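A.B. asks: Pasting a structure here, questions to come.
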Amino acid sequence: QEGVYSGKALTESHNGHNVKERGRIEGGYGPDSKLQPDGYLRVMVGEWAGISLAITRSLAHRVLMAHGVIPDPEVQRFDLGPRDGILIVASDGVWDHISPGEAVSVVVENAVFGSESAAEALVKHALEAGAASNASLDNTTAIVLLFGC
């Protein structure tokens with residue numbers, strides 16, 4: 001139906017709320033790292049003691065590997081169908097504040113201006129949503145790929 005769009009998450013969030021990530025952290029890092037009720041990973045010992053991180057996987061936090069933050073990506077393969085027109089690759093700063101469907105709507109509204117403008121509009125929308133809820137506004141990045149839009 002024209003004018004109706006939907007979005008679907010293709011990966012899982014890598015944080016303390018993810019059952020597999022929680023098991024990996026709790027099963028392999030002992031008292032050096034502790035997952036907080038809010039899903040944050042908190043370093044308990046060493047020079048990084050007291051540091052909290054919202055994610056359990058990251059390319060940029062190599063110093064925290066000993067505490068459970070790993071750089072290993074989740075890799076999946078998907079075949080695009082005729083109804084698939086947009087791919088959004090975004091950081092937790094986007095997905096923590098808006099749903100996949102909302103993200104697709106923002107991108108569709110701005111796709112006429114190109115993928116870069118659509119990505120900028122998506123980041124702006126996520127920042128506004130995060131600010132409205134007094135949430136952290138870091139790590140808000142997006143790449144938008146348009147397929148025949």
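Going through the structure tokens in order, the chains are called A, B, and so on, while each chain numbers its residues from 1 and the ligands are numbered from 1 in the order shown.
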Which residues of stretch 35-102 of chain A come within 9 Å of stretch 112-125 of chain A, and what is each one's closest atom pair and distance in Å (one decimal), counting only C-alpha atoms, sorted by chain and residue number, as CSV?

C.D. replies:
residue,atom,partner,partner_atom,distance
A:Ile88,CA,A:Ala119,CA,8.3
A:Ala90,CA,A:Val123,CA,8.9
A:Gly93,CA,A:Val123,CA,8.6
A:Val94,CA,A:Val123,CA,6.7
A:Ile98,CA,A:His125,CA,8.5

A.B. asks: With a distance cut-off of 12 Å and only C-alpha atoms, select the neighbouring residues of A:Gly46, excluding the residue or stretch itself and same-chain residues fewer than 4 positions from it, and output the selection as a ChimeraX atom specification.

C.D. replies: /A:31-33,42,50-51,63-64,66-67

A.B. asks: In stretch 38-141 of chain A, what's strand (DSSP E or B) per DSSP? Answer as JSON, numbers by chain?

C.D. replies: {"A": [41, 42, 43, 52, 53, 57, 70, 86, 87, 88, 89, 90]}

A.B. asks: Could you check the closest approach to A:Leu53 for each of A:Val75, A:Leu35, A:Ala9, A:Val4 and tell me which residue wins, using only C-alpha atoms?

C.D. replies: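 Among the listed residues, the smallest separation from A:Leu53 belongs to A:Leu35.
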
A.B. asks: Have a look at A:Asp38, A:Asp92, A:Ser133, A:Arg77 and name the one nearest to A:Ile55; count only C-alpha atoms.

C.D. replies: A:Asp92

A.B. asks: Would you please work out which residue, of A:Glu109, A:Asn139, A:Ala131, A:Gly101, is nearest to A:Ala60 when using only C-alpha atoms?

C.D. replies: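 Nearest candidate to A:Ala60 out of A:Glu109, A:Asn139, A:Ala131, A:Gly101: A:Asn139.
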